[in-house]
Structure formats: structure tokens, C-alpha cells
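J.: So I've got this file, final30.txt, and it contains compact mmCIF, C-alpha atoms and all ligand atoms:
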# COMPACT_ATOMS: atom_id res chain seq x y z
CA MET A 1 60.22 -8.06 -62.72
CA SER A 2 59.65 -8.26 -59.00
CA PHE A 3 61.54 -7.26 -55.91
CA GLU A 4 60.10 -9.31 -53.08
CA ASN A 5 63.75 -9.94 -52.13
CA LEU A 6 63.89 -6.33 -50.93
CA SER A 7 61.69 -7.00 -47.93
CA THR A 8 64.29 -9.43 -46.57
CA HIS A 9 66.91 -6.67 -46.17
CA ASP A 10 65.65 -5.21 -42.89
CA GLY A 11 68.37 -3.43 -40.95
CA ASP A 12 70.80 -3.37 -43.86
CA PRO A 13 73.51 -0.80 -43.11
CA THR A 14 73.87 0.50 -46.67
CA ALA A 15 70.48 0.84 -48.28
CA LYS A 16 68.15 1.17 -45.35
CA GLY A 17 70.82 2.91 -43.30
CA SER A 18 71.76 5.81 -45.56
CA GLY A 19 68.28 6.06 -47.06
CA ASN A 20 66.59 6.43 -43.68
CA ALA A 21 69.23 8.87 -42.49
CA ALA A 22 68.54 11.12 -45.48
CA THR A 23 64.79 10.93 -44.85
CA ASP A 24 65.16 11.67 -41.13
CA LYS A 25 67.34 14.69 -41.91
CA PHE A 26 64.90 15.98 -44.52
CA LYS A 27 61.92 15.60 -42.16
CA GLY A 28 63.69 18.00 -39.80
CA GLU A 29 63.69 20.75 -42.42
CA SER A 30 60.77 23.12 -42.77
CA VAL A 31 59.41 22.95 -46.30
CA LYS A 32 56.74 25.21 -47.73
CA SER A 33 55.84 26.83 -51.02
CA ASP A 34 53.45 29.71 -51.73
CA THR A 35 52.10 27.96 -54.86
CA SER A 36 48.62 29.30 -55.71
CA LYS A 37 45.62 27.03 -56.34
CA GLU A 38 45.66 28.10 -59.99
CA ARG A 39 49.31 27.16 -60.43
CA ALA A 40 48.86 23.88 -58.52
CA ASN A 41 45.94 23.06 -60.79
CA ALA A 42 47.97 23.73 -63.93
CA ILE A 43 50.86 21.58 -62.71
CA TYR A 44 48.60 18.74 -61.56
CA THR A 45 46.72 18.73 -64.87
CA ASP A 46 49.91 18.57 -66.96
CA LEU A 47 51.50 16.00 -64.67
CA LEU A 48 48.56 13.62 -64.98
CA ALA A 49 48.45 14.22 -68.72
CA ALA A 50 52.15 13.27 -68.95
CA ILE A 51 51.52 10.08 -66.94
CA ALA A 52 48.52 9.25 -69.14
CA GLU A 53 50.57 9.76 -72.29
CA VAL A 54 53.34 7.44 -71.10
CA ALA A 55 50.87 4.80 -69.90
CA HIS A 56 49.07 4.78 -73.25
CA LYS A 57 52.21 5.00 -75.35
CA HIS A 58 53.65 1.91 -73.65
CA GLN A 59 50.33 0.14 -72.98
CA VAL A 60 51.29 -0.33 -69.33
CA THR A 61 50.01 -3.62 -67.92
CA TYR A 62 48.27 -4.27 -64.59
CA ASP A 63 51.31 -6.26 -63.42
CA GLU A 64 53.50 -3.25 -64.16
CA TYR A 65 51.08 -0.93 -62.38
CA ARG A 66 51.09 -3.13 -59.26
CA VAL A 67 54.88 -3.38 -59.28
CA LEU A 68 55.02 0.41 -59.46
CA LYS A 69 52.69 0.72 -56.46
CA ASN A 70 54.72 -1.78 -54.47
CA TRP A 71 57.99 -0.08 -55.47
CA MET A 72 56.73 3.34 -54.36
CA ILE A 73 55.74 1.88 -50.99
CA GLN A 74 59.23 0.34 -50.69
CA VAL A 75 60.97 3.63 -51.55
CA GLY A 76 59.10 5.22 -48.67
CA GLU A 77 59.74 2.40 -46.23
CA TYR A 78 63.44 2.39 -47.06
CA GLY A 79 63.49 6.17 -46.68
CA GLU A 80 64.88 6.54 -50.20
CA TRP A 81 62.68 9.31 -51.58
CA PRO A 82 65.37 11.98 -50.99
CA LEU A 83 67.91 9.72 -52.70
CA TRP A 84 65.72 8.77 -55.67
CA LEU A 85 64.43 12.30 -56.26
CA ASP A 86 67.85 13.93 -56.00
CA VAL A 87 69.36 11.39 -58.39
CA PHE A 88 66.62 11.43 -61.03
CA VAL A 89 64.78 14.75 -60.75
CA GLU A 90 66.84 17.41 -58.95
CA HIS A 91 69.09 18.21 -61.93
CA GLU A 92 66.08 19.45 -63.91
CA ILE A 93 64.91 21.67 -61.05
CA GLU A 94 68.45 23.01 -60.66
CA GLU A 95 68.69 23.83 -64.34
CA ILE A 96 65.32 25.59 -64.36
CA ASN A 97 66.13 27.75 -61.34
CA TYR A 98 69.84 28.44 -61.50
CA ASN A 99 70.74 28.65 -65.17
CA ARG A 100 69.24 32.03 -65.90
CA ASN A 101 71.32 33.81 -68.50
CA ASP A 102 71.56 36.93 -66.35
CA TYR A 103 73.65 34.93 -63.87
CA THR A 104 77.32 35.04 -64.84
CA GLY A 105 78.90 33.60 -61.68
CA THR A 106 80.08 30.05 -61.03
CA LYS A 107 77.72 27.33 -62.26
CA GLY A 108 75.64 25.46 -59.74
CA SER A 109 74.79 21.80 -59.54
CA ILE A 110 72.47 19.67 -57.43
CA GLU A 111 72.68 19.57 -53.62
CA GLY A 112 71.94 15.86 -53.31
CA PRO A 113 70.63 14.13 -50.20
CA TYR A 114 73.68 14.39 -47.92
CA TYR A 115 74.15 18.07 -47.06
CA VAL A 116 74.17 18.93 -43.36
CA PRO A 117 74.14 22.61 -42.30
CA ASN A 118 76.31 24.10 -39.55
CA SER A 119 79.47 22.08 -40.09
CA PRO A 120 82.39 23.22 -37.87
CA GLU A 121 84.07 26.44 -38.96
CA LEU A 122 87.63 26.23 -40.28
CA PRO A 123 90.14 29.00 -41.05
CA TRP A 124 90.99 29.92 -44.65
CA GLN A 125 93.94 27.53 -44.59
CA ALA A 126 92.83 24.26 -43.10
CA GLU A 127 92.79 20.50 -43.21
CA MET A 128 89.38 18.87 -43.37
CA PRO A 129 88.45 16.81 -40.29
CA MET A 130 89.53 13.25 -41.10
CA ARG A 131 90.42 9.93 -39.48
CA GLU A 132 93.81 8.22 -39.54
CA GLN A 133 92.49 5.79 -42.16
CA ASP A 134 91.47 8.69 -44.42
CA LYS A 135 95.06 9.97 -44.33
CA ALA A 136 96.14 6.81 -46.14
CA ALA A 137 94.10 7.99 -49.15
CA GLU A 138 95.67 10.35 -51.68
CA SER A 139 95.80 13.97 -50.46
CA LEU A 140 94.32 16.85 -52.40
CA ILE A 141 95.11 20.52 -51.89
CA PHE A 142 92.09 22.48 -53.07
CA LYS A 143 92.60 26.23 -53.18
CA GLY A 144 91.29 29.35 -54.82
CA GLN A 145 89.48 32.62 -54.32
CA VAL A 146 85.87 33.65 -53.83
CA THR A 147 85.16 36.86 -55.75
CA ASP A 148 82.29 38.94 -57.09
CA VAL A 149 81.67 38.73 -60.86
CA GLU A 150 84.19 41.55 -61.40
CA GLY A 151 86.93 39.50 -59.73
CA GLN A 152 87.04 41.44 -56.44
CA GLY A 153 87.92 39.09 -53.56
CA LEU A 154 85.22 38.57 -50.92
CA ASN A 155 86.58 38.70 -47.38
CA GLY A 156 84.86 36.30 -44.98
CA ALA A 157 82.88 34.32 -47.54
CA THR A 158 82.01 30.82 -46.34
CA ILE A 159 82.62 27.63 -48.27
CA GLU A 160 80.75 24.66 -46.89
CA LEU A 161 82.50 21.57 -48.19
CA TRP A 162 81.27 18.01 -47.78
CA HIS A 163 82.30 14.88 -49.59
CA ALA A 164 82.54 11.12 -49.41
CA ASP A 165 85.58 9.33 -48.03
CA GLU A 166 87.94 6.99 -49.88
CA GLU A 167 85.25 4.30 -49.74
CA GLY A 168 82.52 6.56 -51.10
CA LEU A 169 80.77 6.96 -47.73
CA TYR A 170 79.34 10.15 -46.19
CA ALA A 171 79.59 11.00 -42.49
CA GLN A 172 76.14 11.03 -40.78
CA PHE A 173 74.67 8.83 -43.54
CA ALA A 174 76.77 5.69 -43.21
CA PRO A 175 77.38 4.06 -39.82
CA GLY A 176 80.58 4.37 -37.80
CA ILE A 177 82.02 7.60 -39.22
CA PRO A 178 82.69 10.59 -36.90
CA GLU A 179 79.91 13.17 -37.18
CA TRP A 180 81.83 15.89 -39.03
CA ASN A 181 84.30 13.74 -40.96
CA LEU A 182 85.09 15.45 -44.28
CA ARG A 183 82.59 18.21 -43.54
CA GLY A 184 83.56 21.79 -42.77
CA THR A 185 82.79 25.49 -43.24
CA ILE A 186 85.86 27.34 -44.45
CA ARG A 187 85.99 31.13 -44.07
CA THR A 188 87.99 33.03 -46.71
CA ASN A 189 90.73 35.53 -45.78
CA GLU A 190 90.71 39.27 -46.53
CA ASN A 191 91.41 38.56 -50.23
CA GLY A 192 88.69 35.93 -50.48
CA GLU A 193 91.25 33.14 -50.58
CA PHE A 194 91.09 29.61 -49.20
CA GLU A 195 93.41 26.61 -49.15
CA ILE A 196 91.99 23.31 -48.02
CA THR A 197 93.80 20.03 -47.60
CA THR A 198 91.54 17.04 -48.01
CA LEU A 199 91.60 13.69 -49.77
CA PHE A 200 90.39 12.42 -53.11
CA PRO A 201 86.87 11.13 -52.62
CA ALA A 202 85.93 7.84 -54.26
CA PRO A 203 83.13 7.54 -56.83
CA TYR A 204 79.75 7.14 -55.15
CA GLN A 205 77.63 4.05 -55.66
CA ILE A 206 73.89 4.25 -55.06
CA PRO A 207 73.06 1.53 -52.50
CA ALA A 208 72.40 -1.52 -54.66
CA ASP A 209 70.18 -3.38 -52.20
CA GLY A 210 67.33 -0.91 -51.82
CA PRO A 211 64.47 0.15 -54.11
CA THR A 212 66.56 2.82 -55.88
CA GLY A 213 69.17 0.17 -56.68
CA TRP A 214 66.41 -2.16 -57.85
CA PHE A 215 64.97 0.61 -60.05
CA ILE A 216 68.36 1.18 -61.72
CA ASP A 217 68.84 -2.54 -62.24
CA SER A 218 65.34 -2.89 -63.69
CA TYR A 219 66.23 -0.80 -66.76
CA GLY A 220 69.81 -2.05 -67.07
CA GLY A 221 71.47 1.12 -65.76
CA HIS A 222 74.53 1.61 -63.56
CA PRO A 223 74.40 3.02 -60.01
CA TRP A 224 77.49 5.28 -60.10
CA ARG A 225 78.24 8.95 -59.64
CA PRO A 226 81.76 10.19 -60.45
CA ALA A 227 83.98 11.24 -57.54
CA HIS A 228 82.90 14.72 -56.48
CA LEU A 229 83.21 17.52 -53.94
CA HIS A 230 80.02 19.23 -52.75
CA LEU A 231 80.17 22.96 -52.03
CA MET A 232 77.93 25.75 -50.85
CA VAL A 233 79.46 29.21 -51.15
CA LYS A 234 77.92 32.19 -49.38
CA HIS A 235 78.57 35.86 -48.72
CA PRO A 236 76.03 38.45 -47.51
CA GLY A 237 74.60 40.45 -50.41
CA TYR A 238 75.45 37.76 -52.99
CA ARG A 239 73.59 34.80 -54.43
CA GLU A 240 74.46 31.54 -52.71
CA ILE A 241 75.95 28.87 -54.91
CA THR A 242 75.34 25.17 -54.37
CA THR A 243 77.57 23.18 -56.65
CA GLN A 244 79.81 20.15 -57.15
CA LEU A 245 83.29 19.72 -58.60
CA TYR A 246 84.50 16.66 -60.48
CA PHE A 247 87.84 15.28 -61.65
CA GLU A 248 88.78 15.47 -65.32
CA GLY A 249 89.14 12.00 -66.78
CA GLY A 250 87.61 10.34 -63.70
CA GLU A 251 85.42 7.27 -63.92
CA TRP A 252 81.71 8.01 -64.58
CA VAL A 253 82.18 11.74 -65.38
CA ASP A 254 80.62 11.09 -68.80
CA ASN A 255 77.64 9.13 -67.51
CA ASP A 256 76.75 10.26 -63.99
CA VAL A 257 73.58 8.45 -62.87
CA ALA A 258 72.44 11.79 -61.38
CA THR A 259 73.12 13.82 -64.59
CA ALA A 260 74.84 16.54 -62.56
CA VAL A 261 78.24 16.99 -64.28
CA LYS A 262 78.90 20.22 -66.18
CA PRO A 263 82.01 21.10 -68.21
CA GLU A 264 82.55 24.24 -66.08
CA LEU A 265 82.85 22.12 -62.94
CA MET A 266 85.92 20.02 -63.73
CA LEU A 267 89.15 19.94 -61.72
CA SER A 268 92.54 18.84 -63.07
CA PRO A 269 94.85 18.52 -60.06
CA GLN A 270 98.60 18.42 -60.72
CA PRO A 271 101.45 17.46 -58.36
CA ASN A 272 102.96 20.54 -56.65
CA ALA A 273 106.66 20.98 -55.75
CA GLU A 274 106.24 18.52 -52.85
CA GLY A 275 104.51 15.99 -55.11
CA VAL A 276 101.09 16.58 -53.52
CA GLN A 277 98.11 16.84 -55.89
CA GLU A 278 96.95 20.44 -55.98
CA VAL A 279 94.26 22.35 -57.83
CA THR A 280 92.94 25.90 -57.94
CA TYR A 281 89.27 26.69 -58.49
CA ASN A 282 87.83 30.19 -58.16
CA PHE A 283 84.20 30.96 -57.34
CA ALA A 284 82.45 34.09 -58.63
CA LEU A 285 79.22 35.11 -56.90
CA ASP A 286 76.46 37.12 -58.59
CA LYS A 287 74.94 40.01 -56.67
CA GLU A 288 71.64 39.24 -54.98
CA ASP A 289 68.60 40.36 -57.04
C1 LIG B 301 75.26 11.59 -53.75
O1 LIG B 301 76.46 11.63 -53.13
C2 LIG B 301 74.90 12.66 -54.45
O2 LIG B 301 75.75 13.68 -54.51
C3 LIG B 301 73.69 12.68 -55.10
C4 LIG B 301 73.29 13.86 -55.92
C5 LIG B 301 72.83 11.61 -55.02
C6 LIG B 301 73.20 10.53 -54.29
C7 LIG B 301 74.41 10.51 -53.65
FE FE B 302 77.45 13.37 -53.27
Can you turn what I pasted into C-alpha cells?
Ligand code: MBD
Ligand code: FE

T.:
Amino acid sequence: MSFENLSTHDGDPTAKGSGNAATDKFKGESVKSDTSKERANAIYTDLLAAIAEVAHKHQVTYDEYRVLKNWMIQVGEYGEWPLWLDVFVEHEIEEINYNRNDYTGTKGSIEGPYYVPNSPELPWQAEMPMREQDKAAESLIFKGQVTDVEGQGLNGATIELWHADEEGLYAQFAPGIPEWNLRGTIRTNENGEFEITTLFPAPYQIPADGPTGWFIDSYGGHPWRPAHLHLMVKHPGYREITTQLYFEGGEWVDNDVATAVKPELMLSPQPNAEGVQEVTYNFALDKED
């Protein structure tokens, strides 16, 4: 195993392009944690013990160790740490933090590397910003209601929606797509309702020509996520939800490379009277602690 071929892909628009864009965006965020020295020490000790256990169990060789070092350098140079971490680690962090059994609202899922805050505001009934070429893809009417856990509609809740286009590409992370394509912040009406016209996103393929793609190939895995919508739902006084919705029966829903599909997060659109695919999904928000 070796990936010297990777270093010949300078300037590649898929791997290096979307990877670097995700890293640049993340660097602009302020990140901090009030972790104590005691807690950091406990985590560090257990982490190194876990690495030691794996290394001994598999009798890791020096060649393997050097390939690991080189690979980690490549992930950084390609700007793929946000991608790799969100695909392989974020689902565990999400489960730890957002699956408390005192939360009864809509299930969350991972944010992934391609969220951008402050997308343009749209009214409760709206079409997502899209290009002419996106309109050739199959339309999807996505509607529902944002409520509290008792089912009371929440007036003026915001639903930030972002998703890939019909080719599986995200605006701001793949070249040549208008900045806010398929990204918007929908504000619910007085009953908490929304009705959004968009298009069916395509399944997402992890860039195959970067170090994350190489990693997946190295163990004989596949680089696919099922088609999905990303959502962040907010209303003052309530817990924010970051989640994703998937399509029943869609390719890769049973073996998402990012392990982020949950049975509560499936959509089954049906043709409406005009023959347009339509689906209703309601969001329930827990009260803030
Ligand atoms: C995606 O579109 C995504 O949602 C995640 C979690 C990781 C990589 C690409
Ligand atoms: Fe995604």
C-alpha cells in the first residue's frame, strides 16, 4: 500500500478543491472548549491506550506506521481533515451528545463539512435558489410543520436547508456553482408551516482522488453517502436540531459511508395531484434546558 500517486494531483478540482474549501471555512470558525487539565489527561491516557492496543493486536509494521504518517500529512495538505473526521468520527460524537433519552423531539444527525451559516432568507412557501440546469432534475415538494414536543406550531422558526445538486455537488465547495445554490433559510408561518420546492439531490461520493478516497480504497470500502437533505431547525427558547433526511429505498441508505442514517429520518415522497413528488416531514423541538 502506497499513495505516492496522490502528490501528482495538485490543483484537482474535486479532491483538493472541496477539501480545501471545507478546511478554509472551518478555519474561519472560532473553536474552543473549556476542558479541564484533569479531563484532558484522562482522555489522552485512554486514547493512547486504545492506539497501543490496536498496534499490538495487529502487530503494526514500520512500513504501515510510515504510511500512516505520510497519509496524515496528505490529509492536512489536501485540506481533508473536516471531510475525514465528519465521515468517520462525527456520528459517534452526535450520538453521545444528542441522543439523551430526555430529548423527545426530532432526531438529529451529523452536520458534515459543508454547512454555511447565513444563507439567504426565504418565506415559508418558497423555491430553493437553483440554476436552469437544476430545474431539469426531478422536483421535490418538501413541506411540514415545526412544533414543540406537544405539537404546538412554532411561528417564525427557521429551517436552514442545504443539499447537493443533481450531480452530488455542493455550492461553495465545488467550483462554478452560484454561492447560494440550493442553500436557504426558510421562516415558518404563524402555524409553524413551511413548503419548499427543491430538487432530488444525488447520492454524494467522497472525492476518490484525495487521501480520504485512498483511505476508503485501502480497506476495500465504498465512498458513497445516500442522497440526503441537510437541515438546521431553530426557534428561540428551543433546542436547535441539526439533522439530515434520506429517501426510503434509495441507493446507499443501508450502508452510508458516514454511518449517519437513522430510521426516523426517512422520507417517502409520493406524486401529488399534479404528478410532482411531494413529502411531508414535521419537526418537533425540545425546550431548551
Ligand atoms: C457530505 O455531504 C456529508 O453530508 C458528510 C457528512 C460528509 C461528506 C459529505
Ligand atoms: Fe451532505

J.: Give as a PDB file with C-alpha atoms, keeping the file's coordinate frame the residues surrounding ligand FE 302 (chain B) up to a distance of 9 Å, considering all atoms listed in the file.

T.:
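What landed in pocket_24.pdb:
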ATOM      1  CA  GLU A 111      72.680  19.570 -53.620  1.00  0.00           C
ATOM      2  CA  GLY A 112      71.940  15.860 -53.310  1.00  0.00           C
ATOM      3  CA  PRO A 113      70.630  14.130 -50.200  1.00  0.00           C
ATOM      4  CA  TYR A 114      73.680  14.390 -47.920  1.00  0.00           C
ATOM      5  CA  TYR A 115      74.150  18.070 -47.060  1.00  0.00           C
ATOM      6  CA  TRP A 162      81.270  18.010 -47.780  1.00  0.00           C
ATOM      7  CA  HIS A 163      82.300  14.880 -49.590  1.00  0.00           C
ATOM      8  CA  ALA A 164      82.540  11.120 -49.410  1.00  0.00           C
ATOM      9  CA  GLY A 168      82.520   6.560 -51.100  1.00  0.00           C
ATOM     10  CA  TYR A 170      79.340  10.150 -46.190  1.00  0.00           C
ATOM     11  CA  PRO A 203      83.130   7.540 -56.830  1.00  0.00           C
ATOM     12  CA  TYR A 204      79.750   7.140 -55.150  1.00  0.00           C
ATOM     13  CA  ARG A 225      78.240   8.950 -59.640  1.00  0.00           C
ATOM     14  CA  PRO A 226      81.760  10.190 -60.450  1.00  0.00           C
ATOM     15  CA  ALA A 227      83.980  11.240 -57.540  1.00  0.00           C
ATOM     16  CA  HIS A 228      82.900  14.720 -56.480  1.00  0.00           C
ATOM     17  CA  LEU A 229      83.210  17.520 -53.940  1.00  0.00           C
ATOM     18  CA  HIS A 230      80.020  19.230 -52.750  1.00  0.00           C
ATOM     19  CA  GLN A 244      79.810  20.150 -57.150  1.00  0.00           C
TER      20      GLN A 244
END

J.: For each of A:Asn272, A:Gly144, A:Glu193, A:Thr243, take the minimum atom-to-atom distance to Glu95 of chain A, counting all atoms listed in the file, then give the residue where this is smallest.

T.: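 When distances to Glu95 of chain A are compared using all atoms listed in the file, the smallest one comes from A:Thr243.
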
J.: Extract, using only C-alpha atoms, all DNA, RNA and protein residues at most 12 Å from segment 247-255 of chain A, discarding same-chain residues fewer than 5 positions from it, and format them as number ranges by chain.

T.: A: 140, 142, 200-205, 221-229, 260-270, 277-279, 281

J.: Any idea what the distance is between atom CA of Glu167 of chain A and atom CA of Phe194 of chain A?

T.: 26.0 Å

J.: Output, as lines of an AutoDock Vina configuration file, the centre and edge lengths in Å (one decimal) of the axis-aligned box that contains all listed atoms of segment 165-174 of chain A with 8 Å of margin on each side.

T.:
center_x = 81.3
center_y = 7.7
center_z = -45.9
size_x = 29.3
size_y = 22.7
size_z = 26.3

J.: Using only C-alpha atoms, find the one residue out of A:Ala171, A:Leu231, A:Ala136, A:Val54 that sits nearest to Thr106 of chain A.

T.: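 The answer is A:Leu231, which sits nearest to Thr106 of chain A.
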
J.: Just the residues within 6 Å of segment 236-240 of chain A, please, counting only C-alpha atoms, with nothing from its chain fewer than 5 positions along; format it as a PDB file with C-alpha atoms, in the coordinates of the input.

T.:
ATOM      1  CA  ASP A 286      76.460  37.120 -58.590  1.00  0.00           C
ATOM      2  CA  LYS A 287      74.940  40.010 -56.670  1.00  0.00           C
ATOM      3  CA  GLU A 288      71.640  39.240 -54.980  1.00  0.00           C
TER       4      GLU A 288
END

J.: With a distance cut-off of 10 Å and all atoms listed in the file, select the neighbouring residues of segment 25-42 of chain A, excluding the residue or stretch itself and same-chain residues fewer than 5 positions from it, and output the selection as a ChimeraX atom specification.

T.: /A:20,47,81-82,113-116,172-173

J.: Of the residues A:Asn189, A:Gln145, A:Ser109, A:Thr45, which is the one nearest to ligand LIG 301 (chain B), using only C-alpha atoms and all ligand atoms?

T.: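 Among the listed residues, A:Ser109 lies closest to ligand LIG 301 (chain B).
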
J.: Calculate how many Å separate atom CA of Gly108 of chain A from atom CA of Phe215 of chain A, rounding to one decimal.

T.: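 Value for the atom CA of Gly108 of chain A-atom CA of Phe215 of chain A distance: 27.0 Å.
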